[in-house]
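Enquirer: Following this line is coords-v8.csv, made up of CSV, C-alpha atoms and all ligand atoms:
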chain,number,residue,atom,x,y,z
A,1,MET,CA,-252.9,50.3,73.7
A,2,ARG,CA,-250.5,52.0,71.2
A,3,LEU,CA,-251.9,52.5,67.8
A,4,VAL,CA,-250.3,52.9,64.4
A,5,ASP,CA,-252.9,54.3,61.9
A,6,HIS,CA,-251.6,52.5,58.7
A,7,HIS,CA,-253.9,54.3,56.3
A,8,CYS,CA,-255.1,57.9,56.6
A,9,HIS,CA,-255.0,61.2,54.7
A,10,GLY,CA,-254.2,64.8,55.8
A,11,VAL,CA,-256.4,67.3,57.7
A,12,VAL,CA,-258.1,70.2,55.9
A,13,ARG,CA,-255.9,73.2,56.5
A,14,GLY,CA,-258.4,76.1,56.6
A,15,ALA,CA,-261.7,76.9,58.3
A,16,LEU,CA,-264.8,74.9,57.3
A,17,ASP,CA,-268.3,76.2,57.1
A,18,ARG,CA,-271.3,73.9,58.0
A,19,ALA,CA,-271.7,72.6,54.4
A,20,GLY,CA,-268.0,71.8,54.1
A,21,PHE,CA,-267.9,70.0,57.5
A,22,GLU,CA,-271.1,68.0,56.7
A,23,ALA,CA,-269.8,67.0,53.3
A,24,LEU,CA,-266.6,65.5,54.9
A,25,LEU,CA,-268.8,63.6,57.5
A,26,SER,CA,-270.1,61.3,54.7
A,27,GLU,CA,-268.7,59.3,51.8
A,28,GLY,CA,-271.8,60.5,49.9
A,29,GLY,CA,-270.7,64.2,50.1
A,30,SER,CA,-273.3,66.9,50.8
A,31,PRO,CA,-276.6,65.6,52.3
A,32,PRO,CA,-279.8,66.0,50.3
A,33,ILE,CA,-281.7,69.2,51.0
A,34,GLY,CA,-283.4,69.1,54.4
A,35,LEU,CA,-281.2,66.4,55.8
A,36,SER,CA,-278.0,66.6,57.8
A,37,THR,CA,-275.0,64.2,58.0
A,38,PHE,CA,-275.0,64.9,61.7
A,39,ASP,CA,-278.0,62.5,61.7
A,40,THR,CA,-275.8,59.4,61.2
A,41,PRO,CA,-273.9,57.2,63.6
A,42,LEU,CA,-270.8,59.2,62.8
A,43,GLY,CA,-272.5,62.6,63.3
A,44,LEU,CA,-273.9,61.5,66.7
A,45,ALA,CA,-270.5,60.2,67.7
A,46,VAL,CA,-268.9,63.6,66.9
A,47,ARG,CA,-271.4,65.3,69.2
A,48,ARG,CA,-270.9,62.6,71.9
A,49,HIS,CA,-267.2,62.2,71.9
A,50,CYS,CA,-265.6,65.2,70.2
A,51,ALA,CA,-267.6,67.9,71.8
A,52,PRO,CA,-265.9,67.4,75.2
A,53,VAL,CA,-262.5,67.6,73.6
A,54,LEU,CA,-263.6,71.1,72.5
A,55,ASP,CA,-264.7,71.9,76.1
A,56,LEU,CA,-268.4,71.4,75.3
A,57,PRO,CA,-270.8,69.1,77.1
A,58,PRO,CA,-271.3,65.6,75.5
A,59,HIS,CA,-274.1,65.6,72.9
A,60,ALA,CA,-273.8,69.4,72.2
A,61,PRO,CA,-276.0,70.4,69.3
A,62,PRO,CA,-274.4,70.7,65.8
A,63,GLU,CA,-274.7,74.5,65.9
A,64,ASP,CA,-272.8,74.8,69.2
A,65,TYR,CA,-270.2,72.3,68.0
A,66,LEU,CA,-269.5,74.1,64.8
A,67,ALA,CA,-269.5,77.5,66.5
A,68,ARG,CA,-266.9,76.3,69.1
A,69,ARG,CA,-264.8,74.8,66.3
A,70,ALA,CA,-264.8,78.1,64.5
A,71,GLU,CA,-263.9,79.9,67.8
A,72,LEU,CA,-260.9,77.7,68.5
A,73,GLY,CA,-259.6,77.7,64.9
A,74,ALA,CA,-258.7,74.8,62.6
A,75,GLU,CA,-255.2,74.3,63.9
A,76,GLU,CA,-256.2,74.1,67.6
A,77,VAL,CA,-259.1,71.8,66.9
A,78,ALA,CA,-256.9,69.5,64.8
A,79,ARG,CA,-254.2,69.5,67.5
A,80,ARG,CA,-256.7,68.6,70.3
A,81,LEU,CA,-258.5,65.9,68.4
A,82,LEU,CA,-255.4,64.3,66.9
A,83,ARG,CA,-253.7,64.1,70.3
A,84,THR,CA,-256.8,62.6,71.9
A,85,SER,CA,-256.6,59.7,69.4
A,86,GLY,CA,-253.5,58.3,71.1
A,87,VAL,CA,-252.1,57.3,67.7
A,88,ASP,CA,-248.3,57.8,67.6
A,89,THR,CA,-247.6,56.8,64.0
A,90,PHE,CA,-249.5,57.6,60.8
A,91,CYS,CA,-249.1,56.2,57.3
A,92,VAL,CA,-250.5,59.0,55.1
A,93,ASP,CA,-251.8,58.6,51.5
A,94,THR,CA,-251.0,61.9,49.8
A,95,GLY,CA,-252.4,61.0,46.4
A,96,PHE,CA,-255.9,62.4,46.7
A,97,ARG,CA,-256.7,66.2,47.0
A,98,GLY,CA,-253.3,66.5,48.6
A,99,GLY,CA,-253.0,70.2,48.0
A,100,GLU,CA,-256.0,70.9,50.3
A,101,LEU,CA,-254.7,68.9,53.2
A,102,THR,CA,-251.8,68.9,55.7
A,103,THR,CA,-248.6,67.2,54.6
A,104,PRO,CA,-247.5,64.1,56.5
A,105,ALA,CA,-244.9,66.3,58.4
A,106,GLN,CA,-247.6,68.8,59.3
A,107,LEU,CA,-250.0,66.0,60.5
A,108,ALA,CA,-247.2,64.5,62.6
A,109,ASP,CA,-246.5,67.9,64.1
A,110,LEU,CA,-250.2,68.5,65.0
A,111,ALA,CA,-250.5,65.0,66.5
A,112,GLY,CA,-247.2,65.0,68.3
A,113,GLY,CA,-246.3,61.7,66.5
A,114,VAL,CA,-244.5,60.4,63.5
A,115,ALA,CA,-245.8,60.2,59.9
A,116,HIS,CA,-244.7,58.1,56.9
A,117,GLU,CA,-245.9,58.7,53.4
A,118,VAL,CA,-247.8,56.3,51.1
A,119,VAL,CA,-247.5,57.0,47.4
A,120,ARG,CA,-250.5,56.5,45.2
A,121,LEU,CA,-249.7,54.6,42.0
A,122,GLU,CA,-252.3,56.2,39.8
A,123,THR,CA,-251.3,59.7,40.8
A,124,VAL,CA,-247.7,59.0,39.8
A,125,ALA,CA,-248.8,57.4,36.5
A,126,GLU,CA,-251.0,60.4,35.7
A,127,SER,CA,-248.0,62.7,36.1
A,128,ILE,CA,-246.1,61.0,33.3
A,129,VAL,CA,-248.8,59.5,31.1
A,130,ASP,CA,-248.6,62.1,28.3
A,131,GLY,CA,-245.2,60.9,27.0
A,132,ASP,CA,-244.4,58.2,24.3
A,133,PRO,CA,-246.7,55.2,25.1
A,134,GLY,CA,-243.9,52.8,24.2
A,135,GLU,CA,-241.7,54.2,27.0
A,136,PHE,CA,-244.5,54.5,29.6
A,137,GLY,CA,-243.6,51.3,31.5
A,138,ALA,CA,-239.9,52.1,31.9
A,139,ARG,CA,-240.6,55.7,32.8
A,140,PHE,CA,-243.2,54.7,35.4
A,141,ALA,CA,-240.8,52.2,37.0
A,142,GLU,CA,-238.1,54.9,37.2
A,143,ARG,CA,-240.5,57.6,38.5
A,144,LEU,CA,-242.0,55.4,41.1
A,145,ALA,CA,-238.7,54.3,42.5
A,146,ALA,CA,-237.6,58.0,42.6
A,147,GLU,CA,-240.8,59.1,44.3
A,148,VAL,CA,-240.6,56.4,46.9
A,149,ALA,CA,-237.0,57.1,47.7
A,150,SER,CA,-237.2,60.9,47.8
A,151,ARG,CA,-240.3,60.8,50.1
A,152,GLY,CA,-239.1,58.0,52.2
A,153,ALA,CA,-242.4,56.3,51.5
A,154,VAL,CA,-243.2,53.0,53.3
A,155,ALA,CA,-245.8,51.7,50.9
A,156,VAL,CA,-247.8,52.4,47.7
A,157,LYS,CA,-251.6,52.5,47.3
A,158,SER,CA,-253.8,51.6,44.3
A,159,VAL,CA,-257.3,52.7,43.7
A,160,ALA,CA,-257.8,50.0,41.1
A,161,ALA,CA,-261.2,49.3,42.7
A,162,TYR,CA,-262.4,52.8,41.7
A,163,ARG,CA,-260.8,52.8,38.2
A,164,CYS,CA,-261.3,49.4,36.6
A,165,GLY,CA,-262.1,47.0,39.4
A,166,LEU,CA,-259.9,44.5,41.3
A,167,ALA,CA,-259.7,41.9,38.5
A,168,LEU,CA,-256.0,42.6,37.8
A,169,THR,CA,-253.9,40.5,35.4
A,170,SER,CA,-252.1,37.4,36.7
A,171,ALA,CA,-248.8,38.5,35.1
A,172,PRO,CA,-247.2,41.9,34.2
A,173,PRO,CA,-248.8,43.0,30.9
A,174,PRO,CA,-246.3,42.6,28.0
A,175,PRO,CA,-244.7,45.9,26.9
A,176,ALA,CA,-246.5,46.0,23.5
A,177,VAL,CA,-249.9,45.4,25.2
A,178,LEU,CA,-249.2,48.1,27.8
A,179,ALA,CA,-248.1,50.6,25.1
A,180,GLU,CA,-251.3,50.0,23.1
A,181,ALA,CA,-253.4,50.5,26.2
A,182,VAL,CA,-251.6,53.7,27.1
A,183,ALA,CA,-251.9,55.0,23.5
A,184,HIS,CA,-255.7,54.4,23.5
A,185,ARG,CA,-256.6,56.1,26.8
A,186,ALA,CA,-259.3,58.7,26.7
A,187,GLY,CA,-257.6,61.4,28.8
A,188,ARG,CA,-255.1,61.9,31.6
A,189,ARG,CA,-257.1,59.7,34.1
A,190,VAL,CA,-255.6,56.3,34.2
A,191,ASP,CA,-258.4,53.7,34.4
A,192,ASP,CA,-257.6,50.9,31.9
A,193,PRO,CA,-257.2,47.5,33.6
A,194,ILE,CA,-254.0,46.8,31.6
A,195,VAL,CA,-252.4,50.0,32.6
A,196,ILE,CA,-253.5,49.7,36.3
A,197,SER,CA,-252.3,46.1,36.4
A,198,ALA,CA,-248.9,47.3,35.0
A,199,LEU,CA,-248.6,49.9,37.8
A,200,VAL,CA,-249.3,47.3,40.5
A,201,TRP,CA,-246.9,44.8,39.0
A,202,THR,CA,-244.2,47.4,38.8
A,203,ALA,CA,-244.6,48.2,42.5
A,204,VAL,CA,-244.6,44.5,43.4
A,205,GLU,CA,-241.4,44.0,41.3
A,206,GLN,CA,-239.9,46.8,43.4
A,207,GLY,CA,-240.8,45.0,46.6
A,208,LEU,CA,-243.1,47.7,47.8
A,209,PRO,CA,-246.0,46.9,50.2
A,210,VAL,CA,-249.2,47.6,48.2
A,211,GLN,CA,-252.4,48.9,49.8
A,212,PHE,CA,-255.6,48.3,47.9
A,213,HIS,CA,-258.8,50.2,48.4
A,214,VAL,CA,-261.5,47.5,48.9
A,215,GLY,CA,-265.2,47.9,49.5
A,216,TYR,CA,-266.7,51.0,51.3
A,217,GLY,CA,-265.9,54.3,49.5
A,218,ASP,CA,-267.4,57.4,47.9
A,219,ARG,CA,-269.8,57.6,45.0
A,220,ASP,CA,-267.0,57.2,42.4
A,221,LEU,CA,-266.9,53.5,43.4
A,222,THR,CA,-268.8,50.6,41.8
A,223,LEU,CA,-269.1,48.4,44.9
A,224,TYR,CA,-269.2,45.0,43.2
A,225,HIS,CA,-265.9,45.8,41.3
A,226,SER,CA,-264.2,46.2,44.7
A,227,ASP,CA,-264.8,42.7,45.9
A,228,PRO,CA,-261.4,41.5,47.0
A,229,SER,CA,-261.9,38.0,45.8
A,230,LEU,CA,-261.5,39.5,42.3
A,231,LEU,CA,-257.8,39.8,43.2
A,232,THR,CA,-257.4,36.1,43.5
A,233,PRO,CA,-255.6,35.4,40.2
A,234,PHE,CA,-253.2,38.3,40.9
A,235,LEU,CA,-252.5,37.1,44.5
A,236,ARG,CA,-251.8,33.5,43.3
A,237,ALA,CA,-249.3,34.7,40.8
A,238,MET,CA,-247.4,37.5,42.7
A,239,PRO,CA,-244.3,37.0,44.7
A,240,PRO,CA,-245.5,35.8,48.1
A,241,GLU,CA,-243.0,37.9,50.1
A,242,VAL,CA,-244.5,41.3,49.1
A,243,PRO,CA,-247.1,42.5,51.5
A,244,ILE,CA,-250.6,43.2,50.3
A,245,LEU,CA,-252.9,45.4,52.5
A,246,LEU,CA,-256.7,45.2,51.9
A,247,LEU,CA,-258.1,48.5,53.2
A,248,HIS,CA,-261.6,49.1,54.7
A,249,CYS,CA,-263.1,45.9,53.2
A,250,TYR,CA,-266.7,46.4,54.5
A,251,PRO,CA,-269.0,44.8,53.4
A,252,PHE,CA,-266.5,42.3,52.0
A,253,HIS,CA,-264.6,42.0,55.3
A,254,ARG,CA,-265.3,38.2,55.4
A,255,ALA,CA,-264.0,37.6,51.9
A,256,ALA,CA,-261.0,39.8,52.7
A,257,GLY,CA,-260.5,37.8,55.9
A,258,TYR,CA,-260.5,34.6,53.9
A,259,LEU,CA,-257.8,35.9,51.6
A,260,ALA,CA,-255.7,36.9,54.7
A,261,ALA,CA,-256.1,33.5,56.1
A,262,VAL,CA,-254.9,31.6,53.0
A,263,TYR,CA,-252.3,34.0,51.5
A,264,GLY,CA,-249.3,34.6,53.7
A,265,ASN,CA,-248.7,38.1,52.4
A,266,VAL,CA,-252.4,39.4,52.6
A,267,HIS,CA,-253.4,41.7,55.5
A,268,VAL,CA,-256.8,43.4,56.2
A,269,ASP,CA,-258.4,46.3,58.1
A,270,VAL,CA,-261.9,47.6,58.6
A,271,GLY,CA,-261.0,51.3,58.7
A,272,LEU,CA,-263.5,53.8,57.4
A,273,ALA,CA,-266.4,51.4,58.2
A,274,LEU,CA,-265.6,51.7,61.9
A,275,ASN,CA,-266.3,55.4,61.8
A,276,HIS,CA,-269.4,55.1,59.7
A,277,LEU,CA,-270.9,52.3,61.7
A,278,GLY,CA,-270.1,54.1,64.9
A,279,PRO,CA,-268.9,53.0,68.4
A,280,SER,CA,-272.0,50.9,69.1
A,281,ARG,CA,-271.4,48.6,66.2
A,282,ALA,CA,-267.6,48.5,66.2
A,283,GLY,CA,-267.5,45.3,68.3
A,284,ALA,CA,-269.8,43.5,65.9
A,285,LEU,CA,-267.9,44.6,62.9
A,286,LEU,CA,-264.5,43.7,64.4
A,287,ALA,CA,-265.9,40.3,65.6
A,288,GLU,CA,-266.9,39.5,62.1
A,289,ALA,CA,-263.7,40.8,60.6
A,290,LEU,CA,-261.7,38.7,62.9
A,291,ASP,CA,-263.5,35.5,62.0
A,292,GLY,CA,-260.7,33.2,61.0
A,293,VAL,CA,-258.2,35.9,60.3
A,294,PRO,CA,-254.8,35.1,61.8
A,295,PHE,CA,-254.1,37.8,64.4
A,296,GLY,CA,-250.9,38.8,62.7
A,297,LYS,CA,-252.9,39.8,59.6
A,298,MET,CA,-255.3,42.5,61.0
A,299,LEU,CA,-254.2,46.1,61.2
A,300,TYR,CA,-255.7,49.4,62.5
A,301,SER,CA,-256.6,52.3,60.2
A,302,SER,CA,-259.0,55.2,60.4
A,303,ASP,CA,-258.9,56.2,56.7
A,304,ALA,CA,-259.5,59.6,58.2
A,305,PHE,CA,-259.7,62.3,55.5
A,306,GLY,CA,-260.0,66.1,56.1
A,307,LEU,CA,-261.7,66.2,59.5
A,308,PRO,CA,-259.5,65.7,62.7
A,309,GLU,CA,-262.7,64.2,64.3
A,310,LEU,CA,-262.2,61.1,62.1
A,311,TYR,CA,-258.8,60.3,63.6
A,312,ALA,CA,-260.1,60.7,67.1
A,313,LEU,CA,-263.3,58.7,66.5
A,314,GLY,CA,-261.5,56.0,64.5
A,315,ALA,CA,-259.2,55.3,67.3
A,316,LEU,CA,-261.9,55.4,70.0
A,317,THR,CA,-264.2,53.2,68.0
A,318,PHE,CA,-261.4,50.7,67.3
A,319,ARG,CA,-260.2,50.6,70.9
A,320,ARG,CA,-263.7,50.1,72.2
A,321,GLY,CA,-264.7,47.5,69.6
A,322,LEU,CA,-261.5,45.4,70.1
A,323,ALA,CA,-261.8,45.6,73.9
A,324,GLU,CA,-265.4,44.3,73.6
A,325,VAL,CA,-264.4,41.4,71.3
A,326,LEU,CA,-261.3,40.3,73.2
A,327,GLY,CA,-262.7,41.0,76.6
A,328,ALA,CA,-265.6,38.6,75.8
A,329,ARG,CA,-263.1,35.9,75.0
A,330,VAL,CA,-261.3,36.4,78.3
A,331,SER,CA,-264.6,36.5,80.3
A,332,ALA,CA,-265.6,33.2,78.7
A,333,GLY,CA,-262.5,31.6,79.9
A,334,GLU,CA,-261.3,31.0,76.3
A,335,TRP,CA,-258.3,33.3,76.4
A,336,THR,CA,-256.0,34.5,79.2
A,337,ARG,CA,-255.8,38.2,79.7
A,338,ALA,CA,-252.1,38.1,78.6
A,339,ASP,CA,-253.1,36.5,75.3
A,340,ALA,CA,-255.8,39.2,74.8
A,341,GLU,CA,-253.2,42.0,75.5
A,342,ARG,CA,-250.7,40.4,73.2
A,343,VAL,CA,-253.2,40.1,70.3
A,344,ALA,CA,-254.4,43.7,70.9
A,345,ALA,CA,-250.8,45.0,70.7
A,346,MET,CA,-250.2,43.1,67.4
A,347,ILE,CA,-253.4,44.5,65.8
A,348,GLY,CA,-253.0,48.0,67.2
A,349,ALA,CA,-249.3,48.5,66.2
A,350,GLY,CA,-247.1,45.5,66.0
A,351,ASN,CA,-248.4,44.2,62.7
A,352,ALA,CA,-248.1,47.5,60.9
A,353,GLU,CA,-244.5,48.0,62.3
A,354,ARG,CA,-243.6,44.5,60.9
A,355,VAL,CA,-245.3,44.9,57.5
A,356,TYR,CA,-243.9,48.4,56.8
A,357,ARG,CA,-240.7,47.8,58.6
A,358,LEU,CA,-241.3,50.9,60.6
A,359,GLY,CA,-238.2,51.8,62.6
A,360,TRP,CA,-236.2,49.1,61.0
A,361,SER,CA,-232.8,50.1,59.8
A,362,ARG,CA,-232.0,50.2,56.1
A,363,THR,CA,-229.6,47.2,56.5
A,364,ALA,CA,-232.4,45.2,58.1
A,365,ARG,CA,-234.4,45.2,54.8
A,366,PRO,CA,-233.1,42.2,53.0
A,367,GLY,CA,-234.2,42.0,49.4
A,368,ARG,CA,-236.1,45.2,49.4
A,369,GLY,CA,-233.5,47.8,48.8
B,401,ZN,ZN,-258.0,56.4,52.1
Please express the file's structure as structure tokens.
Ligand SMILES: [Zn+2]

Expert:
Amino acid sequence: MRLVDHHCHGVVRGALDRAGFEALLSEGGSPPIGLSTFDTPLGLAVRRHCAPVLDLPPHAPPEDYLARRAELGAEEVARRLLRTSGVDTFCVDTGFRGGELTTPAQLADLAGGVAHEVVRLETVAESIVDGDPGEFGARFAERLAAEVASRGAVAVKSVAAYRCGLALTSAPPPPAVLAEAVAHRAGRRVDDPIVISALVWTAVEQGLPVQFHVGYGDRDLTLYHSDPSLLTPFLRAMPPEVPILLLHCYPFHRAAGYLAAVYGNVHVDVGLALNHLGPSRAGALLAEALDGVPFGKMLYSSDAFGLPELYALGALTFRRGLAEVLGARVSAGEWTRADAERVAAMIGAGNAERVYRLGWSRTARPGRG
């Protein structure tokens, strides 16, 4: 099955010591003293499935794994693990710690695939927020359009869930209200709900697909602010032809699935959680996530960040989980094998290609410039 990873980040460029590696294995960062992030479903999956890619026996101990990693070097390890994922297209969010990671072009080169950029709205806003508050809205619109065009970006991403929660406004904030909010911000970090709403509305007005972080994330997140049902007033009011992508979603994957079922432009994935729940639970998670979600609305992502292991395991976990779920339907006589294969192709690659118009010519983008 072909895979498009519609949301991931770059790979750490240099060597990692044990502490650096373990911190990237967990959304909680470094483990408490005396504990190891290898003792998680993800850590055990690294030993089971990534060790053989580095010529070690399955289940190699962490010490051996890290020693072999150091011996091969960061680039060779990344090349091997990325290529084992079987992903041929990556949509790469460059807005977080981008300086430490490979660029989309470097990632594509290591993986032997194609990469497209995803521009983070809050990062663009923070690069221009220090000017005249009254001109912020217009300057942001101009800068966003320029960034998207110059990078050939296929989508934008918002971390509203981290900054102010997903209760965005149901209309673009009036210019005077936006200027007031910009003028009263505490620092460079953009976290006011009026300002964040204005960023998202600007992207929507430009017809750009918008990815939203939802649910599962690092400690900067207040989980209950990331419930996707908080987006409802915004979703009702926005133009229905602009795609919305709800990322990760766990443990709100059922709420996200409901939104995907009732709003024609809403799509979901369960990236990140797949890796942290591990291969043994992927089928259960995907089965829940697919409850009632039209098959044209589910996408694949790894949300891999920093470690090439996360791209390999994301893909393996997803393939295994989806095969389990769809295979059970075929075995029960509910679906034909051809239907299962068609749905798998949609979820693995086809839906992302349609939503982001990957490989579509410029002239085939009516209404979206
Ligand atoms: Zn991400």

Enquirer: Of the residues A:Ile128, A:Leu358, A:Ala105, A:Leu168, which is the one nearest to Val190 of chain A, using only C-alpha atoms?

Expert: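 Selected residue with least distance to Val190 of chain A: A:Ile128.
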
Enquirer: Excluding segment 297-308 of chain A and its own-chain neighbours fewer than 2 positions away, which residues fall within 8 Å of it when counting all atoms listed in the file? Please give them as an mmCIF file with C-alpha atoms, in the coordinates of the input.

Expert:
data_model
loop_
_atom_site.group_PDB
_atom_site.id
_atom_site.type_symbol
_atom_site.label_atom_id
_atom_site.label_comp_id
_atom_site.auth_asym_id
_atom_site.auth_seq_id
_atom_site.Cartn_x
_atom_site.Cartn_y
_atom_site.Cartn_z
ATOM 1 C CA LEU A 3 -251.900 52.500 67.800
ATOM 2 C CA VAL A 4 -250.300 52.900 64.400
ATOM 3 C CA ASP A 5 -252.900 54.300 61.900
ATOM 4 C CA HIS A 6 -251.600 52.500 58.700
ATOM 5 C CA HIS A 7 -253.900 54.300 56.300
ATOM 6 C CA CYS A 8 -255.100 57.900 56.600
ATOM 7 C CA HIS A 9 -255.000 61.200 54.700
ATOM 8 C CA GLY A 10 -254.200 64.800 55.800
ATOM 9 C CA VAL A 11 -256.400 67.300 57.700
ATOM 10 C CA VAL A 12 -258.100 70.200 55.900
ATOM 11 C CA PHE A 21 -267.900 70.000 57.500
ATOM 12 C CA LEU A 24 -266.600 65.500 54.900
ATOM 13 C CA LEU A 25 -268.800 63.600 57.500
ATOM 14 C CA VAL A 77 -259.100 71.800 66.900
ATOM 15 C CA ALA A 78 -256.900 69.500 64.800
ATOM 16 C CA LEU A 81 -258.500 65.900 68.400
ATOM 17 C CA LEU A 82 -255.400 64.300 66.900
ATOM 18 C CA LEU A 101 -254.700 68.900 53.200
ATOM 19 C CA HIS A 248 -261.600 49.100 54.700
ATOM 20 C CA ALA A 260 -255.700 36.900 54.700
ATOM 21 C CA ALA A 261 -256.100 33.500 56.100
ATOM 22 C CA VAL A 266 -252.400 39.400 52.600
ATOM 23 C CA HIS A 267 -253.400 41.700 55.500
ATOM 24 C CA VAL A 268 -256.800 43.400 56.200
ATOM 25 C CA ASP A 269 -258.400 46.300 58.100
ATOM 26 C CA VAL A 270 -261.900 47.600 58.600
ATOM 27 C CA GLY A 271 -261.000 51.300 58.700
ATOM 28 C CA LEU A 272 -263.500 53.800 57.400
ATOM 29 C CA LEU A 274 -265.600 51.700 61.900
ATOM 30 C CA ASN A 275 -266.300 55.400 61.800
ATOM 31 C CA LEU A 290 -261.700 38.700 62.900
ATOM 32 C CA VAL A 293 -258.200 35.900 60.300
ATOM 33 C CA PRO A 294 -254.800 35.100 61.800
ATOM 34 C CA PHE A 295 -254.100 37.800 64.400
ATOM 35 C CA LEU A 310 -262.200 61.100 62.100
ATOM 36 C CA TYR A 311 -258.800 60.300 63.600
ATOM 37 C CA ALA A 312 -260.100 60.700 67.100
ATOM 38 C CA GLY A 314 -261.500 56.000 64.500
ATOM 39 C CA ALA A 315 -259.200 55.300 67.300
ATOM 40 C CA PHE A 318 -261.400 50.700 67.300
ATOM 41 C CA MET A 346 -250.200 43.100 67.400
ATOM 42 C CA ILE A 347 -253.400 44.500 65.800
ATOM 43 C CA GLY A 348 -253.000 48.000 67.200
ATOM 44 C CA ALA A 349 -249.300 48.500 66.200
ATOM 45 C CA ASN A 351 -248.400 44.200 62.700
ATOM 46 C CA ALA A 352 -248.100 47.500 60.900
#

Enquirer: List every protein, DNA or RNA residue with an atom no more than 12 Å from (-251.7, 54.2, 22.7) in the file's coordinates, counting all atoms listed in the file, and format the result as a PyMOL selection string.

Expert: chain A and resi 129-136+175-187+192+194-195

Enquirer: Any idea what's packed within 9 Å of Pro104 of chain A, counting only C-alpha atoms, ignoring anything in its chain fewer than 4 positions away? Could you give it as a PDB file with C-alpha atoms, in the coordinates of the input?

Expert:
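Full text of around32.pdb as output:
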ATOM      1  CA  HIS A   9    -255.000  61.200  54.700  1.00  0.00           C
ATOM      2  CA  GLY A  10    -254.200  64.800  55.800  1.00  0.00           C
ATOM      3  CA  PHE A  90    -249.500  57.600  60.800  1.00  0.00           C
ATOM      4  CA  CYS A  91    -249.100  56.200  57.300  1.00  0.00           C
ATOM      5  CA  VAL A  92    -250.500  59.000  55.100  1.00  0.00           C
ATOM      6  CA  ASP A  93    -251.800  58.600  51.500  1.00  0.00           C
ATOM      7  CA  THR A  94    -251.000  61.900  49.800  1.00  0.00           C
ATOM      8  CA  ALA A 108    -247.200  64.500  62.600  1.00  0.00           C
ATOM      9  CA  ASP A 109    -246.500  67.900  64.100  1.00  0.00           C
ATOM     10  CA  VAL A 114    -244.500  60.400  63.500  1.00  0.00           C
ATOM     11  CA  ALA A 115    -245.800  60.200  59.900  1.00  0.00           C
ATOM     12  CA  HIS A 116    -244.700  58.100  56.900  1.00  0.00           C
ATOM     13  CA  GLU A 117    -245.900  58.700  53.400  1.00  0.00           C
TER      14      GLU A 117
END

Enquirer: At a cut-off of 10 Å, using only C-alpha atoms, what residues contact Arg163 of chain A? Leave out same-chain residues fewer than 5 positions from it and give the result as number ranges by chain.

Expert: A: 122, 158, 189-193, 196, 220-222, 225-226

Enquirer: Kindly provide the residues of segment 127-148 of chain A that approach segment 208-213 of chain A to within 12 Å, each paired with its closest atom pair and their distance in Å to one decimal, based on all atoms listed in the file, listed by chain and increasing number, as CSV.

Expert:
residue,atom,partner,partner_atom,distance
A:Ala141,CA,A:Leu208,CA,11.9
A:Leu144,CA,A:Leu208,CA,10.3
A:Ala145,CA,A:Leu208,CA,9.5
A:Val148,CA,A:Leu208,CA,9.1

Enquirer: I need the residues from that last selection saved to file as a PDB file, in the frame of the given file (with C-alpha atoms), if you can.

Expert:
ATOM      1  CA  ALA A 141    -240.800  52.200  37.000  1.00  0.00           C
ATOM      2  CA  LEU A 144    -242.000  55.400  41.100  1.00  0.00           C
ATOM      3  CA  ALA A 145    -238.700  54.300  42.500  1.00  0.00           C
ATOM      4  CA  VAL A 148    -240.600  56.400  46.900  1.00  0.00           C
TER       5      VAL A 148
END

Enquirer: I need the residue nearest ligand ZN 401 (chain B) from this list: A:Leu277, A:Ala138, A:Ala345, A:Leu247. Use only C-alpha atoms and all ligand atoms for the distance.

Expert: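 The answer is A:Leu247, which sits nearest to ligand ZN 401 (chain B).
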
Enquirer: Write out as a list of chain:residue names the residues lying within 12 Å of segment 325-331 of chain A, counting only C-alpha atoms and excluding same-chain residues fewer than 6 positions away.

Expert: A:Arg281, A:Ala282, A:Gly283, A:Ala284, A:Leu285, A:Leu286, A:Ala287, A:Glu288, A:Ala289, A:Leu290, A:Asp291, A:Phe295, A:Phe318, A:Arg319, A:Arg337, A:Ala338, A:Asp339, A:Ala340, A:Glu341, A:Arg342, A:Val343, A:Ala344, A:Ala345, A:Ile347

Enquirer: Expressed in Å to a single decimal, how great is the separation between atom CA of Ala67 of chain A and atom CA of Asp55 of chain A?

Expert: 12.1 Å

Enquirer: Go through A:Thr202, A:Thr37, A:Thr317, A:Ser229 one by one, measure the shortest atom-to-atom distance of each to Arg143 of chain A using all atoms listed in the file, and give the residue with the smallest value.

Expert: A:Thr202

Enquirer: How many Å lie between atom CA of Ile33 of chain A and atom CA of Arg18 of chain A, rounded to one decimal?

Expert: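 So the two atoms, atom CA of Ile33 of chain A and atom CA of Arg18 of chain A, lie 13.4 Å apart.
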
Enquirer: Which distance in Å separates atom CA of Ala111 of chain A and atom CA of Asp88 of chain A, to one decimal?

Expert: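 Separation of atom CA of Ala111 of chain A and atom CA of Asp88 of chain A: 7.6 Å.
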
Enquirer: I want to know what sits within 12 Å of Pro240 of chain A, based on only C-alpha atoms, with residues of the same chain fewer than 6 positions away left out; could you give that as a PDB file with C-alpha atoms, in the coordinates of the input?

Expert:
ATOM      1  CA  VAL A 204    -244.600  44.500  43.400  1.00  0.00           C
ATOM      2  CA  GLU A 205    -241.400  44.000  41.300  1.00  0.00           C
ATOM      3  CA  GLY A 207    -240.800  45.000  46.600  1.00  0.00           C
ATOM      4  CA  PRO A 209    -246.000  46.900  50.200  1.00  0.00           C
ATOM      5  CA  PHE A 234    -253.200  38.300  40.900  1.00  0.00           C
ATOM      6  CA  VAL A 262    -254.900  31.600  53.000  1.00  0.00           C
ATOM      7  CA  TYR A 263    -252.300  34.000  51.500  1.00  0.00           C
ATOM      8  CA  GLY A 264    -249.300  34.600  53.700  1.00  0.00           C
ATOM      9  CA  ASN A 265    -248.700  38.100  52.400  1.00  0.00           C
ATOM     10  CA  VAL A 266    -252.400  39.400  52.600  1.00  0.00           C
TER      11      VAL A 266
END
